[in-house]
Every structure is written in structure tokens, then in C-alpha cells.
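What follows is one structure encoded as C-alpha cells, with my remarks underneath.
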Amino acid sequence: MTHFLNHYTLKYTPLSPLHIGADESYEPGNYVIDEAGGALYSFDSQAALAGLTDSDRQQLLNIVNGKPDDSMLTKVQAFFHNQREKLVAFAMPPVPTASGIKTLYEKRIGKTAQHEGQGKRVINKLEIERTFFNPVNGKPLLPGSSIKGAIRTALLDAINDDNPLRDRNERNQQLQERLFSGKFHTDPLRLVSVGDAAWHGSPEKPACQVQFAVNRKRKPVFKDGKLVQSQAEASNLYQLLECVAPQHYQSFTGSLTLQKTQSVGEHHPKLPKQSLHWTAKDIADACNNFYMRLFWQEISAMKDRNYLDAKWLLQMEQLLGDGLLKRLNEGKVFLLRLGRHSGAEALTLNGARDIKIMQGRGEKPKWEKQPRTWWLAADDVSNKTALLPFGWVLVEIDPKAADSQLQQWLENGNPQQIDWMREQQSKQNALRQKAELRQHQEQEKIQAEQQALQLKLEQEAKLAALSQEQQLIEALKQQFQQKQSTNTRELIGGSLYSALRELISQASEWSEADKADLLLVAKPLLEFIGASGNRKAKDLLKTLQ
């Protein structure tokens, strides 16, 4: 048996906001939103410690040492919000937020929502779900498993050829095993390897953006002459999602590897059927047949409801309806749908589609051929128009040159993002320089205090090693030096003179050496207080000489 490997480079261009769950969230304890620019800045505990002063840290410590309840969490939220400029300096690069999210944050940060039954308070946690990312550099990442899953659905649909399920009881796994003629060893997708797609977008624009996911009905429903909203819309339910921004051409790069096997006979017990060994063009054709069909059906329906952003819609119609048609037909480019809110149609097969529709409380679910609502990306939770679908991605196979039309559309589609990014980066750099200067000054202060303490300890140790007489002389010397350093003038009869006179009175029984040391201090001291010519002062000195 001989194995052959065919490797391809795949370039991914998101055409609409894309969110692939990472089981992680931005929480108000590790992010702040800049009020002026609507930029989300996330930070970890080390960044927080670096940005806060000692008094700030003590204040935070006092808060978290309190009772661990909703009140403490709201105080933590408010604390970080109030200290946001210090935290921005050491945060990750900025992420733009939709205008409605900035407003929501400013309204709710550090506060509690309405009370539930029995007076229970509900805290506004303001979590924002993160899209899948590289933990090393924090940049978004398209996991190979998600891409392969989308390709798998298209290949299954191509084999199924719009046929229905054998019966209502045929499960998903059974359907796949029937269409792919086997289980693990004979599953043809084990010969297809799809690598993770790493971020390669322009650093001049933000890689991600934060948007609302809102629920909207697919068809208008009227009751008593009034338009009925979806349950989620009527309850004002929404999600806050970090999404990959669709303003970057070929922003992800990944790989596709196809393994070709040769065996004796068509049905080897541990290999997929030879007829299910696909080429890259086979995969592209299957994806285009499945996802392009779904794309135009969905776009047409959303267009009828006037949900879509008009500029985006026109560009998509020009791009996929004409601009890329030749390359799509040649199998050099194909369409995929990835991530959350792709819709049940993107996960099920034409003909075999049977979607569970949940009803009201106490009612049995229904089974239909399509869902009744869409989840769409919005700038504000109340938006009814200018919405975008989630998850549409264009994939190019071994592109030799850039597609100028697509590249121009993306690069010129939102030029204000470049200005926004420059402004936020400039602000963050300025705050970082300010914070570093403050840290340097604090460090210098700490070093000066440490040096002073060390000098004091050394002087105390030196003093402790002296005789009693020498200790008294040293104490007088330090008192004298302190007056000199502050240029504090004294007259005869002052504290310095009194201290000297008291010490000389005790020196009558001292050794000659100790008297001589005291005399070395006494002469300049008397000169300092202007008493060197005074008769009484001269008499004091004579007792030492």
C-alpha cells in the first residue's frame, strides 16, 4: 500500500462577523471600556498590579477582603472603572465595541440590575464572550476542527443528494455512517487534515470587534393586527460577542492535506472507499454547492425583511454574484460558514433536515425544515436594520496573487478603523509612558528610603560599638550636623550650647583622648553659634585643654 500526500495553503477572508466560542469571557474585573473611543482594554492580574499605585492596591485589597457577595463584585467593577486610565497603560491592544455596548457599559458598570422576586438583587456582570484565540499572542484563531466540521457537512450533503432520512428515528451518527460507508477506520475524512488557521491580518486595523447578537423573526407573524416578536426579542435577550472583524483580506492562513491511498480492491476493510477520496477541487465544489445555495436563500429572505446593512448587501451581491464567479466555478475559491449563529441549516443536510422548534412552556416541540428566527450582529440591541449575518468566510486554495477586487473592497470598506486604531494606540502609548514615569519616580523614592534606612542602621551599629563617652560625643556631633544641614542658627544659651556645656561638665574624669575628640567638636560648634569669642565659651574650652 502506497500513501501520497497533497498539501495546500488556504487563505481565509471573513465576509461577516465571525465568533467561534473559546469558553472564555471578558469580565469587568479584567477589562475596561474607554468612554471616548469605545475601546475595550483587557488586562490580567500582573498588568493590574503594574498599573496601580500602592494606595490603589490597598484599596482593592480592602474591597476583596469584604463579604463575597454581589455588593463586593459591584465595588470591584466600579474600582477598575475608576482606575481605567492606569490599567489601559498595561492592557492588551484595544478592541472596538459597538456604540450600544459602550452605552450599556457606562450605564451598568458597578451597579445592580432590577430586583427579582423576594427582593433578590441581580448583578450586571457584563461578560463578553471571547472568540477562539491563540493564547500566546492573543490573536484570533480559526481551529482546524471547526473548518473540517463545516467541510464535512458539505461533503455529506453532496453524497446525500437531497434525499430524506430513512426514518424519523435515524440518528445523526447513523446517517453519517450510512453516507460515508463506515465508521472510524473507513471514514473518508480521516484522510483529510485541516490545520488551524493563524491570524495574518493587518496590524493597522483591529483584529476583532465586540457586537450584540440579536434575535429576529424570519417571517412576519401578526396577532390581533400586531406584529409578533420572537420570544428572545420580546424579552430583550441578547448576547455580547467578540467577533473577528471582516475588514481584513486573507486575514487567516492555514493548511489542507489530502492523503491518497491505493489498495487492492474497492472495499479495503480498514480504508475508506476509493470513490470517497476527494481532491481539493472536489471539496471546493461540495462547499460551494452547499453553502452558496444557503447563502443566497438566506440573503434573499433577510433582504425581504429589510434586515441587512445595505452597503454590505450590495458588495456581497457584486462579489459572489459576479466578481468571484469564475474562480468559484473553477474550484479555486469556496465559501464556508463557521462559528456560532451559523444557523441550523448550515449544520444539517438538504432533504434530511428536521429541526426541533421549541414551543412555549408546557407545549411539545415541533419539527420543521427551517428555524423561525435568525441571530444577527447588531450595533445596538434595538436595531431592526443595518444588521449582518454571522460566520460567512471565503477560502482561497493556493492563491498565487491577491484578488484586487476583494482586497480593495475590504481595505476601503471601513477606513475609519485605521484612524481609530492609531488614535487608541497613541493614547495607550502616552498613558504607558506616564505610568512608567510614575513607576520610576516611585522606585527612586523606595530606593532613597531604603538607603536612608540602611544608613541609619549602619550608624546605629557603629554607635553601639563605641564607648559610652564616644557615644555621647557622637550624639552631640549628629545634633550639630543636623543644625548645619538645615542652616538653623542658634545663639549662646540655645540647645546646642546647653548640650555642649552639659557634656563638658561630665568630661572632667574622661581620658585625654576622649577630651581631645570632644574638643574637635566643640570648637566648630561654638563658631557656628557665634560664641567662639565669648568669655564663658573660652572658659569651657579651657577645661578640655
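By order in the C-alpha cells, chains are A, B, ...; within a chain, residues start at 1; ligands start at 1, following the order shown.
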Within 8 Å of stretch 404-427 of chain A: each stretch 128-238 of chain A residue with its shortest pair, only C-alpha atoms, as JSON lines:
```
{"residue": "A:Glu204", "atom": "CA", "partner": "A:Ile418", "partner_atom": "CA", "distance": 5.7}
{"residue": "A:Lys205", "atom": "CA", "partner": "A:Ile418", "partner_atom": "CA", "distance": 5.3}
{"residue": "A:Pro206", "atom": "CA", "partner": "A:Met421", "partner_atom": "CA", "distance": 6.6}
```
Please, could you write that set of residues out with C-alpha atoms as a short mmCIF file (atom, residue, chain, number, x, y, z; two decimals), in the first residue's frame?
```
data_model
loop_
_atom_site.label_atom_id
_atom_site.label_comp_id
_atom_site.auth_asym_id
_atom_site.auth_seq_id
_atom_site.Cartn_x
_atom_site.Cartn_y
_atom_site.Cartn_z
CA GLU A 204 -3.26 48.85 11.26
CA LYS A 205 -6.82 47.66 11.91
CA PRO A 206 -8.31 45.89 14.93
#
```
Self-check item: Computed interatomic separation between atom CA of A:Asn215 and atom CA of A:Trp375 (Å)
Solution: 4.5 Å
Exercise. From stretch 185-288 of chain A, collect each residue whose DSSP state is helix (DSSP H, G or I) and return the set as a list in words.
Key: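 Of stretch 185-288 of chain A, the ones in helix (DSSP H, G or I) are Pro188, Leu189, Arg190, Leu191, Gln231, Ala232, Glu233, Ala234, Gln274, Ser275, Leu276, Ala280, Lys281, Asp282, Ile283, Ala284, Asp285, Ala286, Cys287 and Asn288 of chain A.
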Restricting the output to N, CA and C atoms, write the selected residues as a PDB file, in the first residue's frame.
```pdb
ATOM      1  N   PRO A 188     -13.993   8.584   5.404  1.00  0.00           N
ATOM      2  CA  PRO A 188     -13.089   9.229   4.427  1.00  0.00           C
ATOM      3  C   PRO A 188     -12.461  10.524   4.941  1.00  0.00           C
ATOM      4  N   LEU A 189     -13.050  11.166   5.951  1.00  0.00           N
ATOM      5  CA  LEU A 189     -12.480  12.420   6.455  1.00  0.00           C
ATOM      6  C   LEU A 189     -11.211  12.195   7.275  1.00  0.00           C
ATOM      7  N   ARG A 190     -10.905  10.932   7.581  1.00  0.00           N
ATOM      8  CA  ARG A 190      -9.635  10.711   8.280  1.00  0.00           C
ATOM      9  C   ARG A 190      -8.448  10.867   7.333  1.00  0.00           C
ATOM     10  N   LEU A 191      -8.713  10.918   6.035  1.00  0.00           N
ATOM     11  CA  LEU A 191      -7.672  11.179   5.043  1.00  0.00           C
ATOM     12  C   LEU A 191      -7.533  12.672   4.732  1.00  0.00           C
ATOM     13  N   GLN A 231     -39.543  35.296  20.899  1.00  0.00           N
ATOM     14  CA  GLN A 231     -39.507  35.269  22.362  1.00  0.00           C
ATOM     15  C   GLN A 231     -38.275  36.001  22.890  1.00  0.00           C
ATOM     16  N   ALA A 232     -37.122  35.787  22.225  1.00  0.00           N
ATOM     17  CA  ALA A 232     -35.894  36.456  22.664  1.00  0.00           C
ATOM     18  C   ALA A 232     -36.006  37.956  22.490  1.00  0.00           C
ATOM     19  N   GLU A 233     -36.596  38.393  21.366  1.00  0.00           N
ATOM     20  CA  GLU A 233     -36.732  39.821  21.111  1.00  0.00           C
ATOM     21  C   GLU A 233     -37.717  40.459  22.077  1.00  0.00           C
ATOM     22  N   ALA A 234     -38.819  39.757  22.351  1.00  0.00           N
ATOM     23  CA  ALA A 234     -39.822  40.286  23.278  1.00  0.00           C
ATOM     24  C   ALA A 234     -39.266  40.398  24.690  1.00  0.00           C
ATOM     25  N   GLN A 274     -12.512   3.978  -2.294  1.00  0.00           N
ATOM     26  CA  GLN A 274     -11.725   4.759  -3.250  1.00  0.00           C
ATOM     27  C   GLN A 274     -12.546   5.888  -3.872  1.00  0.00           C
ATOM     28  N   SER A 275     -13.850   5.696  -4.001  1.00  0.00           N
ATOM     29  CA  SER A 275     -14.703   6.725  -4.591  1.00  0.00           C
ATOM     30  C   SER A 275     -14.889   7.919  -3.648  1.00  0.00           C
ATOM     31  N   LEU A 276     -14.487   7.757  -2.380  1.00  0.00           N
ATOM     32  CA  LEU A 276     -14.610   8.836  -1.395  1.00  0.00           C
ATOM     33  C   LEU A 276     -13.261   9.464  -1.078  1.00  0.00           C
ATOM     34  N   ALA A 280      -8.827  18.523  -3.829  1.00  0.00           N
ATOM     35  CA  ALA A 280      -9.125  19.852  -3.300  1.00  0.00           C
ATOM     36  C   ALA A 280     -10.285  20.487  -4.065  1.00  0.00           C
ATOM     37  N   LYS A 281     -10.355  20.248  -5.373  1.00  0.00           N
ATOM     38  CA  LYS A 281     -11.450  20.809  -6.164  1.00  0.00           C
ATOM     39  C   LYS A 281     -12.779  20.153  -5.791  1.00  0.00           C
ATOM     40  N   ASP A 282     -12.744  18.844  -5.503  1.00  0.00           N
ATOM     41  CA  ASP A 282     -13.973  18.170  -5.064  1.00  0.00           C
ATOM     42  C   ASP A 282     -14.520  18.816  -3.795  1.00  0.00           C
ATOM     43  N   ILE A 283     -13.616  19.107  -2.865  1.00  0.00           N
ATOM     44  CA  ILE A 283     -14.031  19.728  -1.606  1.00  0.00           C
ATOM     45  C   ILE A 283     -14.583  21.124  -1.861  1.00  0.00           C
ATOM     46  N   ALA A 284     -13.887  21.900  -2.703  1.00  0.00           N
ATOM     47  CA  ALA A 284     -14.353  23.257  -3.009  1.00  0.00           C
ATOM     48  C   ALA A 284     -15.727  23.224  -3.675  1.00  0.00           C
ATOM     49  N   ASP A 285     -15.923  22.318  -4.621  1.00  0.00           N
ATOM     50  CA  ASP A 285     -17.215  22.225  -5.313  1.00  0.00           C
ATOM     51  C   ASP A 285     -18.332  21.849  -4.347  1.00  0.00           C
ATOM     52  N   ALA A 286     -18.062  20.898  -3.460  1.00  0.00           N
ATOM     53  CA  ALA A 286     -19.088  20.483  -2.498  1.00  0.00           C
ATOM     54  C   ALA A 286     -19.458  21.634  -1.568  1.00  0.00           C
ATOM     55  N   CYS A 287     -18.452  22.372  -1.108  1.00  0.00           N
ATOM     56  CA  CYS A 287     -18.716  23.506  -0.216  1.00  0.00           C
ATOM     57  C   CYS A 287     -19.494  24.605  -0.936  1.00  0.00           C
ATOM     58  N   ASN A 288     -19.120  24.890  -2.165  1.00  0.00           N
ATOM     59  CA  ASN A 288     -19.833  25.923  -2.915  1.00  0.00           C
ATOM     60  C   ASN A 288     -21.277  25.513  -3.196  1.00  0.00           C
TER      61      ASN A 288
END
```
Quiz item: Using only C-alpha atoms, which residue out of A:Ala50, A:Leu294, A:Ala461, A:Leu126 lies closest to A:Leu104?
Solution: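 For A:Leu104, the nearest of the candidates is A:Leu126.
Distances to A:Tyr249 were evaluated for A:His277, A:Arg372, A:His200, A:Lys523 using only C-alpha atoms, and the minimum falls at A:His200.
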Self-check item: Test item: residues at most 8 Å from stretch 30-35 of chain A, only C-alpha atoms, excluding those fewer than 5 positions along its chain, as a PyMOL selection string
Solution: chain A and resi 40-45+80-81+84+88+102+105-106
Any chance you can output those residues with C-alpha atoms as a compact mmCIF listing (two decimals), in the first residue's frame?
```txt
# COMPACT_ATOMS: atom_id res chain seq x y z
CA LEU A 40 -12.23 47.61 25.19
CA TYR A 41 -8.91 47.12 27.00
CA SER A 42 -8.38 43.76 28.68
CA PHE A 43 -5.71 43.10 31.28
CA ASP A 44 -4.51 40.32 33.57
CA SER A 45 -3.62 40.47 37.27
CA PHE A 80 -11.48 49.14 37.98
CA HIS A 81 -13.69 51.53 36.03
CA ARG A 84 -9.19 52.66 33.93
CA VAL A 88 -5.11 50.93 29.96
CA LYS A 102 -20.33 51.34 25.18
CA TYR A 105 -21.30 49.54 29.91
CA GLU A 106 -21.40 53.16 31.08
```
Exercise. Find the residues around A:Ala522 up to 10 Å (only C-alpha atoms counted), leave out those fewer than 4 positions away in its own chain, and share them as an MDAnalysis selection string.
Key: chainID A and resid 473 476:477 480 496:497 500:501 504 516:518 526:528 532 537 540:541 544
Each residue of stretch 95-182 of chain A lying at most 9 Å from stretch 327-339 of chain A should get a row with its shortest atom-to-atom pair and the distance in Å to one decimal, counting only C-alpha atoms; could you produce that, ordered by chain and increasing number, as a Markdown table?
```
| residue | atom | partner | partner_atom | distance |
| --- | --- | --- | --- | --- |
| A:Leu142 | CA | A:Leu338 | CA | 8.9 |
| A:Ser146 | CA | A:Leu338 | CA | 6.8 |
| A:Ile147 | CA | A:Leu338 | CA | 6.9 |
| A:Gly149 | CA | A:Leu338 | CA | 8.8 |
| A:Ala150 | CA | A:Leu338 | CA | 6.7 |
| A:Ile151 | CA | A:Leu336 | CA | 7.6 |
```
Exercise. Mind the document's chain letters and residue numbers, and return as a list of chain:residue names the residues of stretch 255-316 of chain A that DSSP labels strand (DSSP E).
Key: A:Ser255, A:Leu256, A:Thr257, A:Leu258, A:Gln259, A:Lys260, A:Thr261, A:Gln262
